[in-house]
Amino acid sequence: MELSFVKTSPTGNTTVLVSTPVDRRLHGEAARLLMARDVCGAEQVCFREPSDTARERMQMMGGEFCVNAAMSMAACFLDEDGGEEGEYPLEASGAGGILRVSAHRVGKNRFACQAPLTGEIRVEGDTVHLPGIVHRIVEGEPDEGAEERLTRWAREDGGEAYGFIFVKDGGARPLVYVPGSGTLVWESACGSGMAAAAALAAQRAGESREVALAMPGGEMAALARWEKGRIAGVTVRGMVEITLRGTAYIGL
């Protein structure tokens with residue numbers, strides 16, 4: 001199968017955006033093949049689909065929601081339009097309603113982007129339930145049993161995607177598992193993990209909070225808005241680079 005794609009690097013969280021139509025039943029296997037080092041060498045895959053209500057729909061490899069992929073879509077829209085800045089309606093897997101993602105060109109292939117999370121956000125202890133993904137914020141360094149604990153949690157809970165965000169001294173290490181694609185990745189950066197950290201800070205403070213964290217791929221930031229005793233939404237900011245356009249050949 002020949003698949004046309006764009007590869008982006010949102011704070012190092014390398015993402016492949018596939019524009020060739022692919023049956024959703026094949027998304028998990030297609031993503032696994034595309035992520036291989038000798039094909040696209042990426043941390044995640046998103047499939048671009050037409051939408052009746054937005055510019056496009058982003059369908060993630062396991063049906064989850066991904067903030068970095070949403071920002072990557074905004075960067076691609078702006079680059080394809082040839083503009084300097086823009087805001088775009090986006091339909092996304094794992095998220096209800098239409099998101100308003102935005103991008104501002106800061107270089108030939110480099111963009112400052114924003115993506116909101118506007119669905120229900122619920123905090124239970126150190127666990128943050130976001131649209132399409134659940135994260136647990138863990139204070140301290142990663143440990144040897146993290147991967148097994150994360151996959152077990154996901155199997156028991158049955159949702160779209162799960163993450164541990166290890167936070168220490170202003171830095172973060174994200175580990176994300178997507179059952180639908182069977183992928184377990186120590187990510188260079190995680191936008192939804194950044195959103196979860198901001199949401200947890202706002203919940204604990206009882207007021208809006210902006211949080212920045214240094215992830216392995218660079219710094220990200222998020223603003224969690226606190227209104228009427230609840231988290232009303234989170235907006236994540238990050239840099240996206242378009243690094244490659246091409247055709248991948250996979251045995252599917």
# chains A, B, ... in the order shown; residues from 1 in each chain; ligands from 1

$ residues_around --residues "stretch 105-119 of chain A" --least-positions-apart "6" --cutoff "8 Å" --atoms "only C-alpha atoms" --output "MDAnalysis selection string"
chainID A and resid 67 70:72 74:75 78:79 83:85 95:97 99 130:131 232:243

$ residues_around --residues "A:Trp153" --least-positions-apart "4" --cutoff "12 Å" --atoms "only C-alpha atoms" --output "list of chain:residue names"
A:Thr127, A:Val134, A:His135, A:Arg136, A:Ala146, A:Glu147, A:Glu148, A:Arg149, A:Asp157, A:Gly158, A:Gly159, A:Glu160, A:Ala161, A:Tyr162, A:Gly163, A:Phe164, A:Val176, A:Tyr177, A:Val178, A:Pro179

$ select_by_dssp --residues "stretch 6-242 of chain A" --states "helix (DSSP H, G or I)" --output "PyMOL selection string"
chain A and resi 24-35+67-81+146-157+191-205

$ residues_around --residues "stretch 139-143 of chain A" --least-positions-apart "4" --cutoff "10 Å" --atoms "only C-alpha atoms" --output "PDB file with C-alpha atoms, in the first residue's frame"
ATOM      1  CA  ASP A 126      -3.522  12.432  40.702  1.00  0.00           C
ATOM      2  CA  GLU A 147       5.425   0.133  31.459  1.00  0.00           C
ATOM      3  CA  PHE A 164       1.998   8.336  33.056  1.00  0.00           C
ATOM      4  CA  ILE A 165       3.553  11.802  33.243  1.00  0.00           C
ATOM      5  CA  PHE A 166       6.570  11.691  35.544  1.00  0.00           C
ATOM      6  CA  VAL A 167       7.180  15.213  36.862  1.00  0.00           C
ATOM      7  CA  LYS A 168      10.230  16.404  38.781  1.00  0.00           C
ATOM      8  CA  ASP A 169      11.904  19.821  39.196  1.00  0.00           C
ATOM      9  CA  GLY A 171      10.640  18.617  33.914  1.00  0.00           C
ATOM     10  CA  ALA A 172       8.420  15.805  32.649  1.00  0.00           C
ATOM     11  CA  ARG A 173       8.844  12.343  31.087  1.00  0.00           C
ATOM     12  CA  PRO A 174       5.683  11.065  29.318  1.00  0.00           C
ATOM     13  CA  LEU A 175       4.896   7.388  28.810  1.00  0.00           C
TER      14      LEU A 175
END

$ residues_around --residues "A:Gly229" --least-positions-apart "5" --cutoff "9 Å" --atoms "only C-alpha atoms" --output "count of residues only"
3

$ select_by_dssp --residues "stretch 93-180 of chain A" --states "strand (DSSP E or B)" --output "number ranges by chain"
A: 98-105, 110-117, 122-124, 127-130, 133-139, 162-168, 171-178

$ closest_residue --among "A:Asn68, A:Leu90, A:Val39, A:Ala248" --to "A:Asp52" --atoms "only C-alpha atoms"
A:Leu90

$ residues_around --residues "A:Gly217" --least-positions-apart "5" --cutoff "10 Å" --atoms "only C-alpha atoms" --output "mmCIF file with N, CA and C atoms, in the first residue's frame"
data_model
loop_
_atom_site.group_PDB
_atom_site.id
_atom_site.type_symbol
_atom_site.label_atom_id
_atom_site.label_comp_id
_atom_site.auth_asym_id
_atom_site.auth_seq_id
_atom_site.Cartn_x
_atom_site.Cartn_y
_atom_site.Cartn_z
ATOM 1 N N SER A 9 7.134 17.463 13.727
ATOM 2 C CA SER A 9 7.798 17.307 15.016
ATOM 3 C C SER A 9 7.247 18.353 15.977
ATOM 4 N N PRO A 10 6.158 18.043 16.669
ATOM 5 C CA PRO A 10 5.656 18.943 17.699
ATOM 6 C C PRO A 10 6.446 18.722 18.997
ATOM 7 N N THR A 11 7.389 19.596 19.238
ATOM 8 C CA THR A 11 8.287 19.503 20.397
ATOM 9 C C THR A 11 8.943 18.124 20.465
ATOM 10 N N GLY A 12 9.289 17.587 19.301
ATOM 11 C CA GLY A 12 9.981 16.314 19.233
ATOM 12 C C GLY A 12 9.097 15.087 19.231
ATOM 13 N N ASN A 13 7.783 15.249 19.429
ATOM 14 C CA ASN A 13 6.844 14.130 19.460
ATOM 15 C C ASN A 13 6.459 13.768 18.026
ATOM 16 N N THR A 14 7.398 13.182 17.292
ATOM 17 C CA THR A 14 7.268 12.985 15.857
ATOM 18 C C THR A 14 5.953 12.302 15.488
ATOM 19 N N ARG A 173 8.601 13.469 31.980
ATOM 20 C CA ARG A 173 8.844 12.343 31.087
ATOM 21 C C ARG A 173 7.518 11.634 30.834
ATOM 22 N N GLU A 187 7.420 9.179 25.078
ATOM 23 C CA GLU A 187 7.320 10.253 24.089
ATOM 24 C C GLU A 187 8.281 11.402 24.396
ATOM 25 N N SER A 188 8.715 12.068 23.332
ATOM 26 C CA SER A 188 9.572 13.244 23.494
ATOM 27 C C SER A 188 8.797 14.411 24.086
ATOM 28 N N ALA A 189 7.514 14.445 23.834
ATOM 29 C CA ALA A 189 6.631 15.465 24.408
ATOM 30 C C ALA A 189 5.209 14.960 24.296
ATOM 31 N N CYS A 190 4.354 15.371 25.221
ATOM 32 C CA CYS A 190 2.961 14.925 25.218
ATOM 33 C C CYS A 190 2.065 16.120 25.517
#

$ residues_around --residues "A:Gln59" --least-positions-apart "4" --cutoff "7 Å" --atoms "only C-alpha atoms" --output "PyMOL selection string"
chain A and resi 46-48+63+92-93

$ residues_around --residues "A:Leu34" --least-positions-apart "4" --cutoff "8 Å" --atoms "only C-alpha atoms" --output "list of chain:residue names"
A:Val16, A:Ala30, A:Val39, A:Cys40, A:Gly41, A:Ala42, A:Val45, A:Ala248, A:Ile250

$ closest_residue --among "A:Ala205, A:Ile98, A:Ala103, A:Met60" --to "A:Phe77" --atoms "only C-alpha atoms"
A:Ala103
